[in-house]
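> Got a structure for you, written out below as structure tokens; questions coming shortly.
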Amino acid sequence: MENIIDILNRIKKHLKLLDRPVVNLLQEGINVEEIDGFPFRLPVEAVELFKWHNGTKINDGDILDDLHFFPGFYFLSISDALLFYQSLLENPLWEECWFPLFTNGAGDFYPIVCGNDKEVQSEIIGFIRGEAENMIEYDSLTSMLLTLDKCYQEKIFFLEDNYLEMDYDKYERIAKFYNPKAEVWND
């Protein structure tokens with residue numbers, strides 16, 4: 001499996017080529033000690049993600065689309081993810097072992113499934129506010145990032161009127177390829 005940092009750096013390069021403001025809003029990565037004391041073990045992929053960058057710095061007045069790491073969603077900082085995690089525990093549809101990594105700012109999240117074995121790659125759930133069923137959308141964080149990277153490479157993610165958009169049909173084809181176990185793409 002490909003190194004997650006290499007994939008993340010390619011995504012960052014794509015965002016830079018598209019002149020997306022988020023590139024300059026990505027915060028310096030965390031030290032591993034900053035996640036000691038979590039109520040569960042973050043999978044190694046998530047730890048690597050937060051070591052690479054600690055999410056997106058959000059300032060008052062920022063335009064939400066300028067924060068997007070991929071169309072519709074931005075990368076949470078570890079502190080914001082923890083705040084969301086605590087508040088989401090009150091939602092009966094939220095699982096205690098889910099830790100949010102990306103959000104759209106309107107209540108939808110992409111959390112990673114956490115557990116006791118931090119070496120195991122963990123699935124990414126598509127948590128859509130108000131949906132009764134939340135399905136696995138990505139086989140792992142690595143496969144999610146490979147999907148995003150390929151979509152940037154093939155210009156499936158593109159700018160339209162300075163907004164990051166996507167071709168959903170082509171996206172589904174790429175997501176299905178990189179995430180063969182995720183039932184959401186096999187319906």
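Going through the structure tokens in order, the chains are called A, B, and so on, while each chain numbers its residues from 1 and the ligands are numbered from 1 in the order shown.
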Could you pull the residues within 7 Å of stretch 47-60 of chain A, counting only C-alpha atoms, minus those fewer than 5 positions along the same chain, as a ChimeraX atom specification?
/A:5,25-31,42,67,75-78
> Could you list, as a compact mmCIF listing (two decimals) with C-alpha atoms, in the first residue's frame, every residue within 8 Å of A:Met144, counting only C-alpha atoms and ignoring same-chain residues fewer than 2 positions away?

# COMPACT_ATOMS: atom_id res chain seq x y z
CA ILE A 124 -14.52 5.62 6.57
CA TYR A 138 -14.25 4.02 1.83
CA ASP A 139 -12.40 0.81 2.68
CA SER A 140 -9.79 2.83 4.55
CA LEU A 141 -8.44 6.35 4.90
CA THR A 142 -5.69 5.42 2.44
CA LEU A 146 -6.24 7.53 -3.27
CA THR A 147 -9.77 8.17 -4.56
CA LEU A 148 -9.43 11.91 -3.95
CA ALA A 175 -14.56 5.44 -5.70
CA TYR A 178 -10.42 2.11 -4.96
CA ASN A 179 -13.05 0.87 -2.49
> Which value, in Å to one decimal, gives the distance between atom CA of A:Val184 and atom CA of A:Leu93?
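Atom CA of A:Leu93 lies 17.6 Å from atom CA of A:Val184.
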> For the structure I just gave you, how does DSSP split chain A - specifically, which residues are strand (DSSP E or B)? Reply as JSON, numbers by chain.
{"A": [26, 27, 28, 41, 53, 54, 55, 56, 70, 73, 74, 75, 98, 99, 100, 101, 102, 103, 109, 110, 111, 112, 113, 115, 124, 125, 126, 127, 135, 136, 137, 138, 157, 158, 159, 160, 163, 164, 165, 166]}
> Can those selected residues be exported to a file as a compact mmCIF listing (two decimals), in the first residue's frame so that it contains N, CA and C atoms?

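New file out.txt:
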# COMPACT_ATOMS: atom_id res chain seq x y z
N LEU A 26 -3.81 25.06 6.05
CA LEU A 26 -3.48 23.79 6.70
C LEU A 26 -2.48 24.07 7.82
N GLN A 27 -2.81 23.58 9.01
CA GLN A 27 -2.00 23.85 10.19
C GLN A 27 -0.86 22.85 10.33
N GLU A 28 0.16 23.27 11.04
CA GLU A 28 1.30 22.40 11.31
C GLU A 28 0.81 21.12 11.99
N ARG A 41 -8.11 4.12 20.51
CA ARG A 41 -6.89 4.29 19.70
C ARG A 41 -7.27 4.74 18.29
N HIS A 53 -0.67 17.29 8.82
CA HIS A 53 -1.23 18.62 9.11
C HIS A 53 -2.33 18.44 10.14
N ASN A 54 -2.47 19.41 11.00
CA ASN A 54 -3.50 19.36 12.03
C ASN A 54 -4.75 20.10 11.54
N GLY A 55 -5.31 19.60 10.48
CA GLY A 55 -6.54 20.16 9.95
C GLY A 55 -6.39 21.55 9.38
N THR A 56 -7.52 22.20 9.24
CA THR A 56 -7.62 23.50 8.60
C THR A 56 -7.86 24.59 9.64
N PHE A 70 -11.63 18.68 -0.30
CA PHE A 70 -12.24 18.07 -1.48
C PHE A 70 -13.66 18.61 -1.55
N PHE A 73 -16.22 19.32 1.58
CA PHE A 73 -15.74 18.94 2.91
C PHE A 73 -14.37 19.54 3.22
N TYR A 74 -14.20 19.89 4.49
CA TYR A 74 -12.90 20.36 4.94
C TYR A 74 -12.34 19.44 6.01
N PHE A 75 -11.05 19.52 6.21
CA PHE A 75 -10.26 18.68 7.11
C PHE A 75 -10.27 19.32 8.50
N TRP A 98 -16.53 5.97 16.21
CA TRP A 98 -16.29 6.82 15.04
C TRP A 98 -15.62 8.11 15.47
N PHE A 99 -14.58 8.51 14.73
CA PHE A 99 -13.90 9.77 15.01
C PHE A 99 -13.90 10.61 13.74
N PRO A 100 -14.50 11.83 13.78
CA PRO A 100 -14.65 12.63 12.57
C PRO A 100 -13.32 13.21 12.07
N LEU A 101 -13.12 13.10 10.76
CA LEU A 101 -11.92 13.65 10.13
C LEU A 101 -12.26 14.83 9.20
N PHE A 102 -13.39 14.72 8.52
CA PHE A 102 -13.81 15.74 7.56
C PHE A 102 -15.27 16.09 7.82
N THR A 103 -15.64 17.36 7.58
CA THR A 103 -17.03 17.79 7.72
C THR A 103 -17.37 18.79 6.62
N PHE A 109 -20.44 14.29 8.12
CA PHE A 109 -19.05 13.99 8.48
C PHE A 109 -18.56 12.74 7.76
N TYR A 110 -17.24 12.66 7.67
CA TYR A 110 -16.57 11.42 7.30
C TYR A 110 -15.71 11.03 8.49
N PRO A 111 -16.24 10.12 9.33
CA PRO A 111 -15.44 9.62 10.46
C PRO A 111 -14.71 8.33 10.10
N ILE A 112 -13.62 8.09 10.80
CA ILE A 112 -12.88 6.83 10.67
C ILE A 112 -13.32 5.94 11.84
N VAL A 113 -13.41 4.65 11.56
CA VAL A 113 -13.78 3.69 12.59
C VAL A 113 -12.54 3.39 13.43
N GLY A 115 -10.67 1.63 17.01
CA GLY A 115 -10.77 0.42 17.82
C GLY A 115 -9.54 0.25 18.67
N ILE A 124 -14.01 4.26 6.45
CA ILE A 124 -14.52 5.62 6.57
C ILE A 124 -16.02 5.56 6.31
N ILE A 125 -16.78 6.11 7.24
CA ILE A 125 -18.23 6.11 7.16
C ILE A 125 -18.71 7.43 6.58
N GLY A 126 -19.73 7.38 5.76
CA GLY A 126 -20.40 8.58 5.31
C GLY A 126 -21.56 8.86 6.26
N PHE A 127 -21.38 9.83 7.16
CA PHE A 127 -22.42 10.16 8.14
C PHE A 127 -23.17 11.38 7.63
N MET A 135 -23.46 4.46 5.80
CA MET A 135 -22.74 3.34 5.19
C MET A 135 -21.25 3.60 5.09
N ILE A 136 -20.51 2.51 5.02
CA ILE A 136 -19.08 2.60 4.74
C ILE A 136 -18.93 3.09 3.30
N GLU A 137 -18.21 4.18 3.13
CA GLU A 137 -17.98 4.72 1.79
C GLU A 137 -16.57 4.45 1.28
N TYR A 138 -15.64 4.25 2.22
CA TYR A 138 -14.25 4.02 1.83
C TYR A 138 -13.70 2.87 2.66
N PHE A 157 -12.48 16.46 -10.06
CA PHE A 157 -12.65 17.62 -9.19
C PHE A 157 -12.13 18.81 -9.98
N PHE A 158 -12.91 19.86 -10.04
CA PHE A 158 -12.56 21.01 -10.88
C PHE A 158 -13.16 22.27 -10.29
N LEU A 159 -12.70 23.41 -10.78
CA LEU A 159 -13.25 24.70 -10.36
C LEU A 159 -14.32 25.14 -11.34
N GLU A 160 -15.43 25.61 -10.77
CA GLU A 160 -16.48 26.22 -11.56
C GLU A 160 -16.94 27.46 -10.81
N TYR A 163 -15.59 27.71 -7.38
CA TYR A 163 -16.02 26.72 -6.38
C TYR A 163 -15.49 25.36 -6.78
N LEU A 164 -15.04 24.59 -5.81
CA LEU A 164 -14.57 23.25 -6.05
C LEU A 164 -15.77 22.33 -6.27
N GLU A 165 -15.87 21.77 -7.45
CA GLU A 165 -17.00 20.93 -7.85
C GLU A 165 -16.49 19.56 -8.29
N MET A 166 -17.44 18.65 -8.60
CA MET A 166 -17.05 17.33 -9.09
C MET A 166 -18.06 16.79 -10.07
> Any idea what the distance is between atom CA of A:Ile156 and atom CA of A:Asn104?
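Between atom CA of A:Ile156 and atom CA of A:Asn104 the gap works out to 19.0 Å.
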> Restricting the calculation to only C-alpha atoms, which member of A:Lys150, A:Lys181, A:Arg129, A:Lys176 is positioned closest to A:Ile11?
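When distances to A:Ile11 are compared using only C-alpha atoms, the smallest one comes from A:Lys150.
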> How many Å separate atom CA of A:Pro180 from atom CA of A:Asp149?
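That distance, rounded to one decimal, is 16.8 Å.
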> A:Asn186, A:Asn162, A:Asn134, A:Ser143: which is nearest A:Ile7, counting only C-alpha atoms?
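Answer, going by the shortest atom-to-atom distance: A:Ser143.
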> Can you tell me, as a PyMOL selection string, which residues in chain A count as helix (DSSP H, G or I) by DSSP?
chain A and resi 4-17+21-25+32-35+44-52+64-67+78-88+141-153+168-178+183-186
